[in-house]
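Taking it in order: structure first as structure tokens, then the write-up.
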Amino acid sequence: MKKHRIVVLGAGYAGAYAAGNLARRLSPADTEITVVNAAPDFVERMRLHQLAAGRDITFRPLTEVFAGTGVRLRLARVTGVDPERRTVAVTGEDRGDGDDRSDGGDGELAYDTLLYTLGSAVADHGVPGVAEHAFDVAGRPSALRLRERLAGLGPGGTVLVVGEGLTGVETATEFAEARPDLSVALAARGELGDGLSPRARRHLRRAFDRLGVTVHEHTPVEAVGPGGASTAGGGSVAADVTVWAAGFAVNPVAAAAGLEVTGDGRIVVDRTMRSVSHPDVYAAGDSAWAVGANGRPLPMSCASAGFTTMQATAAIIARLTGGTVPLVGLAHYGNHISLGRRDAIFQMVDGDVRSKSWYLGGRTAALLKAGILNGAGWNIAHPTFGRPGRRRRTAVAPGPTGTRVPA
């Protein structure tokens with residue numbers, strides 16, 4: 001029988017976990033799993049601000065992650081998806097190492113089931129000068145460029161972080177703690193800690209004061225230049241280095257493919273993470289427009305990537321093996337914000353995503369965040385852990401919607 005071809009686009013938190021989970025639970029006798037990723041390593045995105053600040057971060061090669069699983073690795077960049085022909089166009093360099101699990105080059109990949117987890121990249125929101133003059137921590141290459149630039153700054157150098165979201169706060173505090181000889185500032189469109197409970201907001205402000213981070217509240221940035229940023233009302237903030245952390249945008253491939261997407265390009269999925277327009281396509285992580293248990297779209301976050309990935313893999317496995325699709329809980333419990341290595345805030349939210357009065361802060365919250373990061377990395381790096389003795393055989397043949405195979 002022809003094998004059912006599962007292609008996973010992207011090997012970040014969502015894609016790498018999904019591929020390992022699918023390989024652990026589906027029989028290789030009738031399924032073939034291929035992961036397409038532009039980089040050869042599993043990059044822990046939540047650590048990239050730490051990498052930029054000078055920490056020694058080791059990223060595990062994907063060949064090691066998938067060793068022994070049967071997962072094929074294609075090192076290439078996705079340039080297009082044709083959902084009618086069920087193909088993926090890729091371009092990349094051949095590794096030339098003789099390993100057919102990590103072949104590159106231009107070409108097409110055919111699929112029967114596609115899991116789209118290409119994630120997101122930095123969004124400049126049309127602000128002039130961001131692409132030319134700002135740095136970011138949305139990818140490893142850009143984080144390494146920023147790391148090199150910061151290393152070249154002497155005492156008294158100035159760094160401006162634009163964006164008061166989780167990435168901006170974590171980046172500013174990490175830099176200030178790692179380089180106390182620098183002057184670090186953060187530009188916020190609104191108030192620092194907006195959305196946190198009053199107690200958590202006070203904790204955040206104390207952390208910024210302790211680390212010496214200057215905050216420019218109600219300061220929208222309208223342009224970035226080589227010497228800093230221009231702000232609304234004709235103001236400016238001088239900086240030797242400007243770091244853009246003001247939001248993320250998804251890969252445009254899904255929209256260009258004709259999949260039903262939202263205005264910002266995320267794939268519209270049903271409760272099981274299946275595309276509402278193309279049933280052979282699933283999406284997870286930042287690429288998916290998934291509605292949580294509270295009726296609101298899940299935010300782009302690592303936690304959301306975990307929930308949507310578990311749901312997508314569970315749905316794919318159930319439908320291929322003839323089972324009932326289980327429903328994974330889709331809830332947003334709160335935000336966990338690192339404030340350097342020894343401090344953090346864990347802010348719980350209610351069903352309406354309003355901050356609860358209770359929060360966890362300080363060293364305990366930092367240890368919890370470190371445990372979450374280490375656990376996520378370990379789970380992805382050990383996809384065969386807990387592998388069942390007998391992986392499940394498929395009950396459907398490859399096809400546009402899956403055709404029942406007689407028992």
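Simple scheme: letters A, B, ... for chains in structure tokens order, numbers from 1 for residues in each chain, numbers from 1 for ligands in the order shown.
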Would you give me, as a Markdown table, each residue of segment 219-307 of chain A having an atom within 10 Å of an atom of segment 323-328 of chain A, along with its shortest atom pair and that distance in Å to one decimal, using only C-alpha atoms and sorting by chain and residue number?
| residue | atom | partner | partner_atom | distance |
| --- | --- | --- | --- | --- |
| A:Arg271 | CA | A:Leu327 | CA | 7.8 |
| A:Thr272 | CA | A:Leu327 | CA | 7.1 |
| A:Phe307 | CA | A:Val328 | CA | 6.9 |
Export of the given selection (C-alpha atoms) as a PDB file, in the first residue's frame:
ATOM      1  CA  ARG A 271     -11.642  23.280  16.545  1.00  0.00           C
ATOM      2  CA  THR A 272      -9.264  20.465  15.513  1.00  0.00           C
ATOM      3  CA  PHE A 307      -2.010  23.528  22.786  1.00  0.00           C
TER       4      PHE A 307
END
Lys3 of chain A environment, 10 Å, only C-alpha atoms, sequence neighbours closer than 3 positions dropped, as a list in words: Ile6, Pro28, Ala29, Asp30, Thr31, Glu32, Ile33, Asp112, Thr394, Ala397 and Pro398 of chain A
Could those residues be written to a file, using N, CA and C atoms, as a PDB file, in the first residue's frame?
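After the write, part_3.pdb holds the following:
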ATOM      1  N   ILE A   6       3.003  12.687   5.127  1.00  0.00           N
ATOM      2  CA  ILE A   6       2.763  13.830   6.002  1.00  0.00           C
ATOM      3  C   ILE A   6       3.949  14.771   5.883  1.00  0.00           C
ATOM      4  N   PRO A  28       5.630   3.439  10.733  1.00  0.00           N
ATOM      5  CA  PRO A  28       6.354   3.802   9.511  1.00  0.00           C
ATOM      6  C   PRO A  28       6.039   2.870   8.348  1.00  0.00           C
ATOM      7  N   ALA A  29       5.289   1.805   8.618  1.00  0.00           N
ATOM      8  CA  ALA A  29       4.949   0.878   7.538  1.00  0.00           C
ATOM      9  C   ALA A  29       4.028   1.512   6.516  1.00  0.00           C
ATOM     10  N   ASP A  30       3.210   2.482   6.943  1.00  0.00           N
ATOM     11  CA  ASP A  30       2.279   3.084   5.989  1.00  0.00           C
ATOM     12  C   ASP A  30       2.192   4.602   6.129  1.00  0.00           C
ATOM     13  N   THR A  31       3.140   5.220   6.846  1.00  0.00           N
ATOM     14  CA  THR A  31       3.212   6.678   6.889  1.00  0.00           C
ATOM     15  C   THR A  31       4.656   7.116   6.655  1.00  0.00           C
ATOM     16  N   GLU A  32       4.793   8.264   6.001  1.00  0.00           N
ATOM     17  CA  GLU A  32       6.103   8.859   5.735  1.00  0.00           C
ATOM     18  C   GLU A  32       6.038  10.317   6.169  1.00  0.00           C
ATOM     19  N   ILE A  33       6.916  10.697   7.084  1.00  0.00           N
ATOM     20  CA  ILE A  33       6.886  12.044   7.655  1.00  0.00           C
ATOM     21  C   ILE A  33       8.117  12.809   7.218  1.00  0.00           C
ATOM     22  N   ASP A 112       0.006  14.195   1.390  1.00  0.00           N
ATOM     23  CA  ASP A 112      -1.382  13.808   1.569  1.00  0.00           C
ATOM     24  C   ASP A 112      -1.988  14.588   2.735  1.00  0.00           C
ATOM     25  N   THR A 394      -2.406   3.022   9.872  1.00  0.00           N
ATOM     26  CA  THR A 394      -3.445   3.900   9.339  1.00  0.00           C
ATOM     27  C   THR A 394      -4.635   3.086   8.862  1.00  0.00           C
ATOM     28  N   ALA A 397      -6.542   5.462   3.173  1.00  0.00           N
ATOM     29  CA  ALA A 397      -5.560   5.518   2.104  1.00  0.00           C
ATOM     30  C   ALA A 397      -5.310   6.955   1.733  1.00  0.00           C
ATOM     31  N   PRO A 398      -4.128   7.271   1.181  1.00  0.00           N
ATOM     32  CA  PRO A 398      -3.858   8.637   0.747  1.00  0.00           C
ATOM     33  C   PRO A 398      -4.899   9.105  -0.250  1.00  0.00           C
TER      34      PRO A 398
END
What is the distance, in Å and to one decimal place, between atom CA of Val35 of chain A and atom CA of Leu114 of chain A? 10.2 Å
List every residue of segment 163-267 of chain A that DSSP, applied to the backbone, labels as helix (DSSP H, G or I), and write the result as a PyMOL selection string. chain A and resi 166-178+198-211+232-234+253-257
What's the 10 Å shell around Asp280 of chain A, counting only C-alpha atoms, without same-chain residues fewer than 2 positions away, as an NGL selection string? :A and (6 or 83-84 or 86 or 111-115 or 274-278 or 282 or 316 or 399-402)
For the selection just defined, write its residues with C-alpha atoms to a file, as a CSV table (one decimal), in the first residue's frame.
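This went into selection38.csv:
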chain,number,residue,atom,x,y,z
A,6,ILE,CA,2.8,13.8,6.0
A,83,PRO,CA,-3.2,23.0,-2.0
A,84,GLU,CA,-5.0,21.8,-5.2
A,86,ARG,CA,-1.1,19.0,-2.8
A,111,TYR,CA,1.8,15.5,0.5
A,112,ASP,CA,-1.4,13.8,1.6
A,113,THR,CA,-1.6,15.7,4.9
A,114,LEU,CA,0.2,19.0,5.4
A,115,LEU,CA,0.9,20.5,8.8
A,274,ARG,CA,-7.9,21.7,10.3
A,275,SER,CA,-8.0,24.4,7.7
A,276,VAL,CA,-11.7,25.4,7.1
A,277,SER,CA,-11.0,25.8,3.3
A,278,HIS,CA,-8.7,22.8,2.7
A,282,TYR,CA,-3.6,21.6,9.4
A,316,ILE,CA,-4.2,13.9,12.3
A,399,GLY,CA,-6.3,10.9,-1.0
A,400,PRO,CA,-7.9,14.3,-1.0
A,401,THR,CA,-10.1,13.5,2.0
A,402,GLY,CA,-8.9,10.0,3.0
Restrict the calculation to only C-alpha atoms, then for each residue of segment 260-367 of chain A with any atom at most 7 Å from an atom of segment 154-170 of chain A give the closest atom pair and their distance in Å to one decimal, rows by chain and rising residue number, as CSV.
residue,atom,partner,partner_atom,distance
A:Ile337,CA,A:Leu166,CA,6.2
A:Ser338,CA,A:Glu170,CA,5.5
A:Leu339,CA,A:Glu170,CA,5.7
Using C-alpha atoms, can you export the residues from the last selection as a compact mmCIF listing (two decimals), in the first residue's frame?
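Result written to selection_5.txt:
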# COMPACT_ATOMS: atom_id res chain seq x y z
CA ILE A 337 7.65 37.28 31.76
CA SER A 338 11.38 36.91 32.48
CA LEU A 339 13.08 39.92 34.05
Run DSSP on the backbone and tell me which residues of segment 72-276 of chain A come out as strand (DSSP E or B); list them as an MDAnalysis selection string. chainID A and resid 72:75 77:82 87:91 107:110 113:116 120:122 135 158:162 183:187 214:216 221:225 228:231 236:238 241:244 248:250 261 267:269 274:275
Compare A:Ser355, A:Thr262, A:Gln50, A:Ser142 by their minimum atom-to-atom distance to Gly340 of chain A, counting only C-alpha atoms, and give me the closest one.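 Of A:Ser355, A:Thr262, A:Gln50, A:Ser142, the one nearest Gly340 of chain A is A:Gln50, counting only C-alpha atoms.
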Spatial neighbours of Met273 of chain A, 7 Å, only C-alpha atoms, chain gap at least 6 places, as a PDB file with C-alpha atoms, in the first residue's frame:
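Written output follows (result.pdb):
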ATOM      1  CA  TYR A 282      -3.649  21.626   9.401  1.00  0.00           C
ATOM      2  CA  ALA A 283      -2.002  24.571  11.133  1.00  0.00           C
ATOM      3  CA  ALA A 284      -0.524  25.133  14.575  1.00  0.00           C
ATOM      4  CA  THR A 308      -2.632  23.915  19.046  1.00  0.00           C
ATOM      5  CA  GLN A 311      -4.672  19.296  19.014  1.00  0.00           C
ATOM      6  CA  ALA A 312      -3.418  19.137  15.426  1.00  0.00           C
TER       7      ALA A 312
END
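Taking atom CA of His203 of chain A and atom CA of Thr364 of chain A as endpoints, the distance between them is 13.7 Å.
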